[in-house]
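Chemist: Have a peek at coords_0.cif (mmCIF, C-alpha atoms).
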data_model
#
loop_
_atom_site.group_PDB
_atom_site.id
_atom_site.type_symbol
_atom_site.label_atom_id
_atom_site.label_comp_id
_atom_site.auth_asym_id
_atom_site.auth_seq_id
_atom_site.Cartn_x
_atom_site.Cartn_y
_atom_site.Cartn_z
ATOM 1 C CA MET A 1 80.254 85.383 92.326
ATOM 2 C CA ILE A 2 82.715 87.959 90.929
ATOM 3 C CA PRO A 3 83.719 87.029 87.356
ATOM 4 C CA ALA A 4 87.374 86.489 86.550
ATOM 5 C CA ALA A 5 89.178 89.615 85.450
ATOM 6 C CA PRO A 6 89.833 89.995 81.734
ATOM 7 C CA GLU A 7 93.414 89.451 80.652
ATOM 8 C CA ARG A 8 94.120 93.188 80.602
ATOM 9 C CA TYR A 9 93.180 93.317 84.302
ATOM 10 C CA ARG A 10 95.454 90.482 85.379
ATOM 11 C CA ALA A 11 98.314 91.749 87.508
ATOM 12 C CA PRO A 12 101.789 90.998 86.130
ATOM 13 C CA LYS A 13 104.233 88.829 88.045
ATOM 14 C CA PHE A 14 106.750 91.661 88.061
ATOM 15 C CA ARG A 15 106.169 95.392 88.363
ATOM 16 C CA ASN A 16 105.219 97.176 85.137
ATOM 17 C CA VAL A 17 105.846 100.909 85.520
ATOM 18 C CA ILE A 18 104.533 103.088 82.694
ATOM 19 C CA PRO A 19 103.625 106.805 82.715
ATOM 20 C CA GLU A 20 100.266 107.745 84.194
ATOM 21 C CA ILE A 21 98.132 110.411 82.556
ATOM 22 C CA LEU A 22 98.014 112.522 85.733
ATOM 23 C CA ASP A 23 101.807 112.741 85.785
ATOM 24 C CA GLU A 24 101.767 114.471 82.409
ATOM 25 C CA LEU A 25 99.143 117.109 83.289
ATOM 26 C CA ALA A 26 99.803 120.570 84.705
ATOM 27 C CA PRO A 27 98.721 120.789 88.370
ATOM 28 C CA ASP A 28 95.931 123.266 87.539
ATOM 29 C CA HIS A 29 94.583 121.353 84.530
ATOM 30 C CA PRO A 30 90.854 120.569 85.105
ATOM 31 C CA ASP A 31 91.453 116.849 84.509
ATOM 32 C CA ALA A 32 94.290 116.871 87.046
ATOM 33 C CA VAL A 33 92.146 118.665 89.622
ATOM 34 C CA ALA A 34 89.332 116.143 89.125
ATOM 35 C CA SER A 35 91.668 113.167 89.283
ATOM 36 C CA ARG A 36 93.360 114.382 92.481
ATOM 37 C CA ARG A 37 89.889 114.729 93.988
ATOM 38 C CA ASP A 38 89.252 111.103 93.036
ATOM 39 C CA LEU A 39 92.543 110.079 94.628
ATOM 40 C CA GLN A 40 91.451 111.643 97.888
ATOM 41 C CA ARG A 41 88.295 109.518 97.792
ATOM 42 C CA ILE A 42 90.294 106.416 96.916
ATOM 43 C CA ASN A 43 92.710 107.001 99.795
ATOM 44 C CA PHE A 44 89.764 107.258 102.173
ATOM 45 C CA MET A 45 88.092 104.161 100.708
ATOM 46 C CA MET A 46 91.324 102.200 101.115
ATOM 47 C CA GLY A 47 91.799 103.412 104.679
ATOM 48 C CA ASN A 48 95.223 104.806 103.824
ATOM 49 C CA TYR A 49 94.933 108.078 105.734
ATOM 50 C CA ARG A 50 93.743 106.331 108.888
ATOM 51 C CA PHE A 51 96.632 103.875 108.631
ATOM 52 C CA LEU A 52 99.195 106.661 108.183
ATOM 53 C CA LYS A 53 97.719 108.706 111.013
ATOM 54 C CA ASN A 54 97.675 105.778 113.445
ATOM 55 C CA GLN A 55 101.199 104.678 112.604
ATOM 56 C CA LEU A 56 102.512 108.220 112.851
ATOM 57 C CA MET A 57 100.964 108.646 116.301
ATOM 58 C CA ASP A 58 102.460 105.307 117.396
ATOM 59 C CA HIS A 59 106.009 106.228 116.375
ATOM 60 C CA LEU A 60 106.148 110.005 116.729
ATOM 61 C CA GLN A 61 108.549 111.457 119.281
ATOM 62 C CA PRO A 62 108.472 115.086 120.464
ATOM 63 C CA ALA A 63 111.514 116.262 118.514
ATOM 64 C CA ASP A 64 110.740 114.387 115.291
ATOM 65 C CA ARG A 65 110.552 116.283 112.028
ATOM 66 C CA CYS A 66 108.196 114.684 109.512
ATOM 67 C CA LEU A 67 108.158 114.791 105.712
ATOM 68 C CA GLU A 68 105.228 113.701 103.556
ATOM 69 C CA LEU A 69 106.400 112.634 100.108
ATOM 70 C CA GLY A 70 104.098 113.577 97.240
ATOM 71 C CA SER A 71 101.694 115.646 99.331
ATOM 72 C CA GLY A 72 99.594 116.613 96.285
ATOM 73 C CA GLY A 73 96.356 118.264 97.372
ATOM 74 C CA GLY A 74 97.357 118.183 101.041
ATOM 75 C CA LEU A 75 94.432 116.110 102.320
ATOM 76 C CA LEU A 76 96.576 113.966 104.615
ATOM 77 C CA ALA A 77 97.802 117.134 106.316
ATOM 78 C CA SER A 78 94.221 118.228 106.976
ATOM 79 C CA VAL A 79 93.536 114.826 108.580
ATOM 80 C CA LEU A 80 96.696 115.000 110.698
ATOM 81 C CA SER A 81 96.239 118.627 111.704
ATOM 82 C CA GLU A 82 92.993 117.628 113.419
ATOM 83 C CA ARG A 83 95.193 115.944 116.022
ATOM 84 C CA HIS A 84 96.804 119.307 116.833
ATOM 85 C CA LEU A 85 100.282 117.870 116.449
ATOM 86 C CA ALA A 86 103.078 119.765 118.151
ATOM 87 C CA ASN A 87 105.354 118.409 115.414
ATOM 88 C CA GLU A 88 105.596 120.207 112.112
ATOM 89 C CA ILE A 89 104.931 118.172 108.968
ATOM 90 C CA THR A 90 106.591 119.369 105.786
ATOM 91 C CA GLY A 91 104.884 118.690 102.462
ATOM 92 C CA LEU A 92 106.974 117.779 99.415
ATOM 93 C CA ASP A 93 105.553 117.825 95.907
ATOM 94 C CA LEU A 94 106.138 119.256 92.442
ATOM 95 C CA ALA A 95 102.734 120.938 92.721
ATOM 96 C CA PRO A 96 102.297 124.340 94.404
ATOM 97 C CA ARG A 97 101.368 124.625 98.073
ATOM 98 C CA PRO A 98 97.629 123.875 98.554
ATOM 99 C CA ARG A 99 95.557 126.746 99.885
ATOM 100 C CA HIS A 100 94.443 124.743 102.929
ATOM 101 C CA TRP A 101 97.932 123.536 103.920
ATOM 102 C CA PRO A 102 98.409 124.500 107.604
ATOM 103 C CA SER A 103 100.027 127.934 107.770
ATOM 104 C CA SER A 104 102.592 126.840 110.353
ATOM 105 C CA TRP A 105 103.764 123.874 108.274
ATOM 106 C CA GLN A 106 106.368 124.127 105.546
ATOM 107 C CA TRP A 107 105.886 123.215 101.899
ATOM 108 C CA LYS A 108 108.662 122.268 99.487
ATOM 109 C CA GLN A 109 107.826 122.537 95.805
ATOM 110 C CA GLN A 110 110.721 120.290 94.852
ATOM 111 C CA ASP A 111 111.605 116.984 93.268
ATOM 112 C CA MET A 112 112.104 114.234 95.847
ATOM 113 C CA PHE A 113 115.073 113.047 93.786
ATOM 114 C CA ASP A 114 116.828 116.277 94.729
ATOM 115 C CA PRO A 115 118.909 115.058 97.720
ATOM 116 C CA ALA A 116 118.508 118.402 99.472
ATOM 117 C CA SER A 117 114.739 117.943 99.648
ATOM 118 C CA LEU A 118 115.024 114.913 101.975
ATOM 119 C CA VAL A 119 117.601 116.211 104.452
ATOM 120 C CA GLY A 120 116.648 116.775 108.072
ATOM 121 C CA TYR A 121 113.680 114.462 108.740
ATOM 122 C CA GLU A 122 113.298 111.595 111.187
ATOM 123 C CA ILE A 123 109.976 110.326 109.793
ATOM 124 C CA MET A 124 109.076 109.860 106.128
ATOM 125 C CA LEU A 125 105.517 109.004 105.137
ATOM 126 C CA ALA A 126 103.743 108.639 101.813
ATOM 127 C CA SER A 127 100.533 107.322 100.291
ATOM 128 C CA LEU A 128 100.383 105.929 96.737
ATOM 129 C CA ILE A 129 103.603 107.629 95.596
ATOM 130 C CA LEU A 130 106.495 105.180 95.354
ATOM 131 C CA HIS A 131 104.827 102.959 92.759
ATOM 132 C CA HIS A 132 105.312 105.769 90.216
ATOM 133 C CA PHE A 133 109.034 104.992 90.092
ATOM 134 C CA THR A 134 110.910 102.140 88.452
ATOM 135 C CA ASP A 135 112.979 99.710 90.484
ATOM 136 C CA THR A 136 116.128 101.491 89.345
ATOM 137 C CA ALA A 137 114.777 104.884 90.422
ATOM 138 C CA LEU A 138 113.737 103.572 93.838
ATOM 139 C CA GLN A 139 117.155 102.051 94.363
ATOM 140 C CA ARG A 140 118.684 105.422 93.519
ATOM 141 C CA LEU A 141 116.314 107.194 95.908
ATOM 142 C CA ALA A 142 116.778 104.728 98.758
ATOM 143 C CA PRO A 143 120.006 106.109 100.298
ATOM 144 C CA GLN A 144 118.473 109.583 100.547
ATOM 145 C CA LEU A 145 115.306 108.215 102.172
ATOM 146 C CA THR A 146 117.103 106.091 104.734
ATOM 147 C CA ARG A 147 120.246 108.090 105.546
ATOM 148 C CA GLN A 148 118.687 110.090 108.378
ATOM 149 C CA ALA A 149 115.158 108.713 108.779
ATOM 150 C CA ARG A 150 114.279 106.751 111.884
ATOM 151 C CA VAL A 151 110.804 105.679 110.684
ATOM 152 C CA LEU A 152 109.368 105.016 107.206
ATOM 153 C CA ILE A 153 105.579 104.721 106.808
ATOM 154 C CA PHE A 154 104.318 103.893 103.313
ATOM 155 C CA THR A 155 101.122 102.601 101.764
ATOM 156 C CA GLU A 156 101.137 101.534 98.111
ATOM 157 C CA PRO A 157 98.966 99.553 95.670
ATOM 158 C CA PHE A 158 99.008 95.803 96.228
ATOM 159 C CA ARG A 159 99.745 94.196 92.869
ATOM 160 C CA CYS A 160 97.210 91.426 92.349
ATOM 161 C CA SER A 161 94.210 90.696 90.156
ATOM 162 C CA PHE A 162 91.755 91.224 93.029
ATOM 163 C CA SER A 163 92.986 94.832 93.300
ATOM 164 C CA HIS A 164 91.970 95.252 89.657
ATOM 165 C CA THR A 165 88.535 93.849 90.523
ATOM 166 C CA LEU A 166 88.192 96.407 93.315
ATOM 167 C CA GLY A 167 89.296 99.083 90.847
ATOM 168 C CA ARG A 168 86.562 98.107 88.429
ATOM 169 C CA ILE A 169 84.026 98.387 91.250
ATOM 170 C CA ALA A 170 85.408 101.839 92.133
ATOM 171 C CA GLU A 171 84.967 102.923 88.502
ATOM 172 C CA SER A 172 81.215 102.487 88.899
ATOM 173 C CA THR A 173 81.183 105.307 91.500
ATOM 174 C CA GLY A 174 81.851 107.895 88.804
ATOM 175 C CA LEU A 175 85.622 108.220 88.681
ATOM 176 C CA HIS A 176 87.089 110.621 86.143
ATOM 177 C CA PRO A 177 88.407 108.900 82.960
ATOM 178 C CA VAL A 178 91.980 109.870 83.900
ATOM 179 C CA THR A 179 91.568 108.125 87.243
ATOM 180 C CA GLN A 180 89.981 105.075 85.635
ATOM 181 C CA HIS A 181 93.035 104.677 83.416
ATOM 182 C CA ASP A 182 95.677 105.480 86.014
ATOM 183 C CA LEU A 183 94.134 103.266 88.688
ATOM 184 C CA HIS A 184 94.937 100.061 86.793
ATOM 185 C CA VAL A 185 98.342 101.355 85.716
ATOM 186 C CA SER A 186 99.079 102.005 89.396
ATOM 187 C CA ILE A 187 98.123 98.478 90.417
ATOM 188 C CA ASN A 188 100.449 96.954 87.819
ATOM 189 C CA ALA A 189 103.249 99.192 89.122
ATOM 190 C CA GLY A 190 102.455 98.312 92.742
ATOM 191 C CA PHE A 191 104.191 95.936 95.084
ATOM 192 C CA GLN A 192 103.898 92.526 96.611
ATOM 193 C CA ALA A 193 105.233 91.539 100.023
ATOM 194 C CA GLY A 194 108.976 91.966 100.412
ATOM 195 C CA GLU A 195 109.545 93.956 97.228
ATOM 196 C CA LEU A 196 109.560 97.473 98.664
ATOM 197 C CA PRO A 197 111.951 96.745 101.570
ATOM 198 C CA ALA A 198 114.298 95.029 99.116
ATOM 199 C CA LEU A 199 114.233 97.926 96.647
ATOM 200 C CA LEU A 200 114.922 100.386 99.459
ATOM 201 C CA GLY A 201 117.803 98.255 100.707
ATOM 202 C CA LEU A 202 116.384 97.885 104.218
ATOM 203 C CA SER A 203 118.627 95.475 106.098
ATOM 204 C CA GLN A 204 116.908 93.480 108.838
ATOM 205 C CA LYS A 205 120.035 93.964 110.933
ATOM 206 C CA ILE A 206 119.277 97.685 111.070
ATOM 207 C CA TRP A 207 115.522 97.948 110.466
ATOM 208 C CA GLN A 208 112.483 96.355 112.039
ATOM 209 C CA ILE A 209 110.141 95.857 109.068
ATOM 210 C CA ARG A 210 106.410 95.215 109.142
ATOM 211 C CA GLU A 211 104.193 94.702 106.105
ATOM 212 C CA TRP A 212 100.433 94.267 105.837
ATOM 213 C CA HIS A 213 98.225 93.425 102.885
ATOM 214 C CA ASP A 214 94.875 95.129 103.346
ATOM 215 C CA TRP A 215 91.944 93.554 101.514
ATOM 216 C CA ARG A 216 91.017 96.971 100.047
ATOM 217 C CA GLY A 217 94.065 96.892 97.796
ATOM 218 C CA SER A 218 96.878 98.374 99.889
ATOM 219 C CA LEU A 219 100.300 97.016 100.710
ATOM 220 C CA ARG A 220 101.427 98.807 103.854
ATOM 221 C CA MET A 221 104.943 99.011 105.200
ATOM 222 C CA VAL A 222 106.371 100.422 108.395
ATOM 223 C CA ALA A 223 110.114 100.278 109.008
ATOM 224 C CA PHE A 224 111.897 101.693 112.030
ATOM 225 C CA ARG A 225 115.494 101.523 113.182
ATOM 226 C CA LYS A 226 116.211 98.928 115.846
#
Output the structure of this file as C-alpha coordinates.

Modeler:
Amino acid sequence: MIPAAPERYRAPKFRNVIPEILDELAPDHPDAVASRRDLQRINFMMGNYRFLKNQLMDHLQPADRCLELGSGGGLLASVLSERHLANEITGLDLAPRPRHWPSSWQWKQQDMFDPASLVGYEIMLASLILHHFTDTALQRLAPQLTRQARVLIFTEPFRCSFSHTLGRIAESTGLHPVTQHDLHVSINAGFQAGELPALLGLSQKIWQIREWHDWRGSLRMVAFRK
(Lines of atoms letter the chains of each structure in order from A and count residues from 1; the text may use other names and numbers.)
(Lines give C-alpha, C1' and ligand atoms only; values in the text may rest on other atoms or scores of the structure.)
Protein backbone atom coordinates (compact mmCIF):
# COMPACT_ATOMS: atom_id res chain seq x y z
CA MET A 1 0.00 0.00 0.00
CA ILE A 2 1.39 3.42 -0.99
CA PRO A 3 1.60 5.71 2.07
CA ALA A 4 -0.25 9.00 2.04
CA ALA A 5 1.77 11.88 0.68
CA PRO A 6 3.22 14.30 3.22
CA GLU A 7 1.51 17.66 3.43
CA ARG A 8 4.12 19.29 1.19
CA TYR A 9 3.20 16.79 -1.54
CA ARG A 10 -0.53 17.41 -1.40
CA ALA A 11 -1.76 19.14 -4.54
CA PRO A 12 -3.46 22.50 -3.95
CA LYS A 13 -7.09 23.04 -4.89
CA PHE A 14 -6.09 25.91 -7.15
CA ARG A 15 -3.01 26.30 -9.32
CA ASN A 16 0.12 27.52 -7.53
CA VAL A 17 2.59 28.88 -10.09
CA ILE A 18 6.05 29.71 -8.74
CA PRO A 19 9.39 29.95 -10.60
CA GLU A 20 11.15 26.69 -11.40
CA ILE A 21 14.91 26.41 -11.04
CA LEU A 22 15.35 25.38 -14.69
CA ASP A 23 13.69 28.59 -15.85
CA GLU A 24 16.40 30.62 -14.16
CA LEU A 25 19.37 28.73 -15.63
CA ALA A 26 21.21 29.55 -18.85
CA PRO A 27 20.44 26.96 -21.57
CA ASP A 28 24.05 25.70 -21.57
CA HIS A 29 24.39 25.47 -17.78
CA PRO A 30 25.33 21.87 -16.81
CA ASP A 31 22.37 21.64 -14.42
CA ALA A 32 20.02 22.82 -17.17
CA VAL A 33 21.43 20.29 -19.63
CA ALA A 34 21.00 17.48 -17.09
CA SER A 35 17.49 18.55 -16.17
CA ARG A 36 16.36 18.78 -19.80
CA ARG A 37 17.70 15.26 -20.27
CA ASP A 38 15.54 14.19 -17.32
CA LEU A 39 12.53 15.91 -18.87
CA GLN A 40 12.99 13.88 -22.02
CA ARG A 41 12.87 10.70 -19.92
CA ILE A 42 9.84 11.95 -18.02
CA ASN A 43 7.99 12.76 -21.25
CA PHE A 44 8.66 9.24 -22.48
CA MET A 45 7.62 7.69 -19.16
CA MET A 46 4.37 9.67 -19.23
CA GLY A 47 3.68 8.71 -22.84
CA ASN A 48 3.47 12.36 -23.85
CA TYR A 49 5.41 12.10 -27.10
CA ARG A 50 3.37 9.13 -28.29
CA PHE A 51 0.16 11.00 -27.48
CA LEU A 52 1.29 14.12 -29.36
CA LYS A 53 2.48 12.10 -32.34
CA ASN A 54 -0.76 10.11 -32.60
CA GLN A 55 -2.98 13.16 -32.25
CA LEU A 56 -0.93 15.10 -34.77
CA MET A 57 -1.22 12.29 -37.31
CA ASP A 58 -4.99 12.11 -36.70
CA HIS A 59 -5.56 15.82 -37.35
CA LEU A 60 -2.81 16.79 -39.78
CA GLN A 61 -3.84 17.99 -43.23
CA PRO A 62 -1.43 18.35 -46.17
CA ALA A 63 -1.19 22.14 -46.10
CA ASP A 64 -1.01 22.51 -42.31
CA ARG A 65 1.86 24.42 -40.76
CA CYS A 66 2.73 23.21 -37.27
CA LEU A 67 4.34 25.01 -34.33
CA GLU A 68 5.75 23.28 -31.25
CA LEU A 69 5.72 25.61 -28.26
CA GLY A 70 8.70 25.30 -25.92
CA SER A 71 10.64 22.85 -28.09
CA GLY A 72 13.61 22.80 -25.68
CA GLY A 73 16.03 20.03 -26.61
CA GLY A 74 14.03 19.10 -29.71
CA LEU A 75 13.30 15.48 -28.78
CA LEU A 76 9.68 15.61 -29.95
CA ALA A 77 10.90 16.69 -33.39
CA SER A 78 13.21 13.67 -33.57
CA VAL A 79 10.24 11.41 -32.75
CA LEU A 80 8.02 13.10 -35.34
CA SER A 81 10.68 13.23 -38.04
CA GLU A 82 10.77 9.42 -37.98
CA ARG A 83 7.37 9.57 -39.66
CA HIS A 84 8.91 11.45 -42.60
CA LEU A 85 6.27 14.15 -42.41
CA ALA A 86 5.73 16.20 -45.55
CA ASN A 87 4.67 19.04 -43.24
CA GLU A 88 7.27 21.30 -41.71
CA ILE A 89 7.24 21.68 -37.93
CA THR A 90 8.65 24.90 -36.54
CA GLY A 91 10.25 24.87 -33.09
CA LEU A 92 9.75 27.81 -30.74
CA ASP A 93 11.86 28.30 -27.64
CA LEU A 94 14.07 30.83 -25.87
CA ALA A 95 16.91 28.30 -26.13
CA PRO A 96 19.11 28.06 -29.24
CA ARG A 97 18.33 25.62 -32.04
CA PRO A 98 19.34 22.06 -31.01
CA ARG A 99 22.05 20.47 -33.12
CA HIS A 100 19.81 17.55 -34.10
CA TRP A 101 16.80 19.67 -35.12
CA PRO A 102 15.86 18.59 -38.68
CA SER A 103 17.71 20.80 -41.16
CA SER A 104 14.60 21.42 -43.25
CA TRP A 105 12.54 22.58 -40.27
CA GLN A 106 12.58 26.12 -38.95
CA TRP A 107 13.54 27.20 -35.45
CA LYS A 108 12.42 30.41 -33.75
CA GLN A 109 14.50 31.53 -30.79
CA GLN A 110 11.73 33.80 -29.55
CA ASP A 111 9.35 34.39 -26.69
CA MET A 112 5.93 32.84 -27.31
CA PHE A 113 4.40 35.98 -25.81
CA ASP A 114 5.71 37.88 -28.82
CA PRO A 115 2.57 37.87 -31.03
CA ALA A 116 4.69 37.61 -34.18
CA SER A 117 6.06 34.25 -33.06
CA LEU A 118 2.63 32.56 -33.27
CA VAL A 119 1.43 33.90 -36.62
CA GLY A 120 0.89 31.53 -39.53
CA TYR A 121 0.24 28.10 -37.98
CA GLU A 122 -2.79 25.84 -38.20
CA ILE A 123 -1.64 23.38 -35.52
CA MET A 124 -0.12 24.24 -32.14
CA LEU A 125 1.31 21.49 -29.94
CA ALA A 126 3.19 21.49 -26.66
CA SER A 127 4.30 19.16 -23.88
CA LEU A 128 4.69 20.35 -20.27
CA ILE A 129 4.93 24.04 -21.17
CA LEU A 130 1.72 25.92 -20.37
CA HIS A 131 1.82 25.15 -16.65
CA HIS A 132 4.79 27.52 -16.35
CA PHE A 133 2.45 30.49 -16.80
CA THR A 134 -0.03 32.06 -14.41
CA ASP A 135 -3.73 32.17 -15.20
CA THR A 136 -3.39 35.83 -16.13
CA ALA A 137 -0.52 35.11 -18.52
CA LEU A 138 -2.40 32.26 -20.19
CA GLN A 139 -5.44 34.46 -20.65
CA ARG A 140 -3.20 37.06 -22.28
CA LEU A 141 -1.62 34.42 -24.52
CA ALA A 142 -4.91 32.79 -25.51
CA PRO A 143 -5.98 35.13 -28.34
CA GLN A 144 -2.63 34.68 -30.08
CA LEU A 145 -2.83 30.88 -29.75
CA THR A 146 -6.37 30.59 -31.05
CA ARG A 147 -6.63 33.38 -33.64
CA GLN A 148 -5.44 31.28 -36.57
CA ALA A 149 -4.99 27.76 -35.18
CA ARG A 150 -7.33 25.02 -36.29
CA VAL A 151 -6.03 22.38 -33.83
CA LEU A 152 -4.48 22.65 -30.35
CA ILE A 153 -2.74 19.59 -28.88
CA PHE A 154 -1.40 19.97 -25.33
CA THR A 155 -0.26 17.67 -22.55
CA GLU A 156 0.34 19.13 -19.09
CA PRO A 157 0.80 17.93 -15.49
CA PHE A 158 -2.38 16.68 -13.84
CA ARG A 159 -2.65 18.46 -10.50
CA CYS A 160 -3.40 15.83 -7.87
CA SER A 161 -1.67 14.16 -4.95
CA PHE A 162 -1.22 10.88 -6.85
CA SER A 163 0.91 12.77 -9.41
CA HIS A 164 3.17 13.76 -6.51
CA THR A 165 3.38 10.09 -5.50
CA LEU A 166 4.43 9.17 -9.04
CA GLY A 167 6.98 12.00 -8.89
CA ARG A 168 8.49 10.59 -5.72
CA ILE A 169 8.80 7.20 -7.43
CA ALA A 170 10.49 8.88 -10.42
CA GLU A 171 12.99 10.53 -8.05
CA SER A 172 14.29 7.08 -7.13
CA THR A 173 15.48 6.59 -10.74
CA GLY A 174 18.26 9.13 -10.25
CA LEU A 175 16.75 12.43 -11.33
CA HIS A 176 18.94 15.52 -11.07
CA PRO A 177 18.22 17.66 -7.95
CA VAL A 178 16.90 20.47 -10.17
CA THR A 179 14.40 18.07 -11.71
CA GLN A 180 13.41 16.67 -8.33
CA HIS A 181 12.52 20.17 -7.16
CA ASP A 182 10.85 21.37 -10.35
CA LEU A 183 8.79 18.21 -10.81
CA HIS A 184 6.65 18.91 -7.74
CA VAL A 185 6.46 22.62 -8.51
CA SER A 186 5.16 21.67 -11.96
CA ILE A 187 2.45 19.43 -10.54
CA ASN A 188 1.17 22.19 -8.26
CA ALA A 189 1.06 24.53 -11.27
CA GLY A 190 -0.68 21.91 -13.41
CA PHE A 191 -4.30 21.60 -14.38
CA GLN A 192 -7.44 19.70 -13.60
CA ALA A 193 -10.20 18.94 -16.08
CA GLY A 194 -11.82 22.00 -17.61
CA GLU A 195 -9.27 24.53 -16.37
CA LEU A 196 -7.09 24.82 -19.47
CA PRO A 197 -9.96 25.24 -21.98
CA ALA A 198 -11.45 27.90 -19.71
CA LEU A 199 -8.17 29.81 -19.37
CA LEU A 200 -7.69 29.72 -23.14
CA GLY A 201 -11.24 30.96 -23.69
CA LEU A 202 -12.24 28.01 -25.86
CA SER A 203 -15.95 28.34 -26.58
CA GLN A 204 -17.78 25.05 -27.17
CA LYS A 205 -19.73 26.81 -29.91
CA ILE A 206 -16.50 27.12 -31.90
CA TRP A 207 -14.26 24.34 -30.58
CA GLN A 208 -14.67 20.61 -30.12
CA ILE A 209 -12.76 19.93 -26.89
CA ARG A 210 -11.51 16.59 -25.61
CA GLU A 211 -9.64 16.04 -22.35
CA TRP A 212 -8.07 12.90 -20.91
CA HIS A 213 -6.50 12.22 -17.53
CA ASP A 214 -3.75 9.66 -17.97
CA TRP A 215 -2.85 7.65 -14.87
CA ARG A 216 0.85 8.50 -15.39
CA GLY A 217 0.22 12.10 -14.38
CA SER A 218 -0.79 13.86 -17.59
CA LEU A 219 -3.82 15.97 -18.38
CA ARG A 220 -4.21 15.91 -22.15
CA MET A 221 -6.27 18.27 -24.25
CA VAL A 222 -7.12 18.33 -27.93
CA ALA A 223 -9.27 21.13 -29.31
CA PHE A 224 -10.21 21.58 -32.95
CA ARG A 225 -12.52 24.00 -34.71
CA LYS A 226 -15.96 22.63 -35.54

Chemist: The PyMOL selection byres ((chain A and resi 70) around 7) - which residues does that actually catch in the file I just gave you? List them as a VMD selection string.

Modeler: chain A and resid 68 to 69 71 to 72 92 to 93 126 129

Chemist: Enumerate, as a list in words, the residues matched when the PyMOL selection byres ((chain A and resi 37) around 12) is run on the file above.

Modeler: Leu22, Pro30, Asp31, Ala32, Val33, Ala34, Ser35, Arg36, Asp38, Leu39, Gln40, Arg41, Ile42, Asn43, Phe44, Gly72, Gly73, Gly74, Leu75, Gly174, Leu175, His176, Val178 and Thr179 of chain A

Chemist: Which residues come within 9 Å of A:Gln109, counting all atoms listed in the file, excluding same-chain residues fewer than 3 positions away, as an NGL selection string?

Modeler: :A and (91-97)

Chemist: Given the file above and the PyMOL selection byres ((chain A and resi 162) around 9), which residues are selected, and can you give them as an mmCIF file with C-alpha atoms, in the frame of the given file?

Modeler:
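As a result, part_1.cif now contains:
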data_model
loop_
_atom_site.group_PDB
_atom_site.id
_atom_site.type_symbol
_atom_site.label_atom_id
_atom_site.label_comp_id
_atom_site.auth_asym_id
_atom_site.auth_seq_id
_atom_site.Cartn_x
_atom_site.Cartn_y
_atom_site.Cartn_z
ATOM 1 C CA ALA A 5 89.178 89.615 85.450
ATOM 2 C CA ARG A 10 95.454 90.482 85.379
ATOM 3 C CA ALA A 11 98.314 91.749 87.508
ATOM 4 C CA ARG A 159 99.745 94.196 92.869
ATOM 5 C CA CYS A 160 97.210 91.426 92.349
ATOM 6 C CA SER A 161 94.210 90.696 90.156
ATOM 7 C CA SER A 163 92.986 94.832 93.300
ATOM 8 C CA HIS A 164 91.970 95.252 89.657
ATOM 9 C CA THR A 165 88.535 93.849 90.523
ATOM 10 C CA LEU A 166 88.192 96.407 93.315
ATOM 11 C CA GLY A 167 89.296 99.083 90.847
ATOM 12 C CA TRP A 215 91.944 93.554 101.514
ATOM 13 C CA GLY A 217 94.065 96.892 97.796
#

Chemist: Between A:Ala116, A:Ile153, A:Asp111, A:Leu130, which is the closest to A:Asp58 once you count all atoms listed in the file?

Modeler: A:Ile153

Chemist: How many Å lie between atom CA of A:Trp101 and atom CA of A:Phe224, rounded to one decimal?

Modeler: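 Between these atoms lies a distance of 27.2 Å.
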
Chemist: So, with only C-alpha atoms as the atoms that count, which of A:Pro115, A:Pro98, A:Gly194, A:Pro27 lies closest to A:Ala142?

Modeler: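 The shortest atom-to-atom distance to A:Ala142 comes from A:Pro115.
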
Chemist: To one decimal place, how far is atom CA of A:Leu219 from atom CA of A:Leu56 in Å?

Modeler: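 For atom CA of A:Leu219 relative to atom CA of A:Leu56, the distance reads 16.7 Å.
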
Chemist: Take atom CA of A:Ala198 and atom CA of A:Arg140 and report the distance between them in Å, one decimal.

Modeler: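 A separation of 12.6 Å between them.
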
Chemist: Between A:Trp207, A:Phe133, A:Trp107, A:Trp212, which residue has the minimum interatomic distance to A:Ser186, considering only C-alpha atoms?

Modeler: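 Of all the options, A:Phe133 lies closest to A:Ser186.
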
Chemist: Between A:Tyr121, A:Phe154, A:Tyr49, A:Phe14, which one has atoms that come closest to A:Arg210, using all atoms listed in the file?

Modeler: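 Once distances to A:Arg210 are computed over all atoms listed in the file, the minimum belongs to A:Phe154.
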
Chemist: Select, from A:Gln192, A:Ser103, A:Gln144, A:Gln139, the residue with the minimum atom-to-atom distance to A:Ser117, counting only C-alpha atoms.

Modeler: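 Of the candidates, the smallest distance to A:Ser117 is held by A:Gln144.
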
Chemist: Would you please work out which residue, of A:Pro19, A:Glu24, A:Asn188, A:Thr90, is nearest to A:Gln110 when using all atoms listed in the file?

Modeler: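 Closest to A:Gln110, using all atoms listed in the file: A:Thr90.
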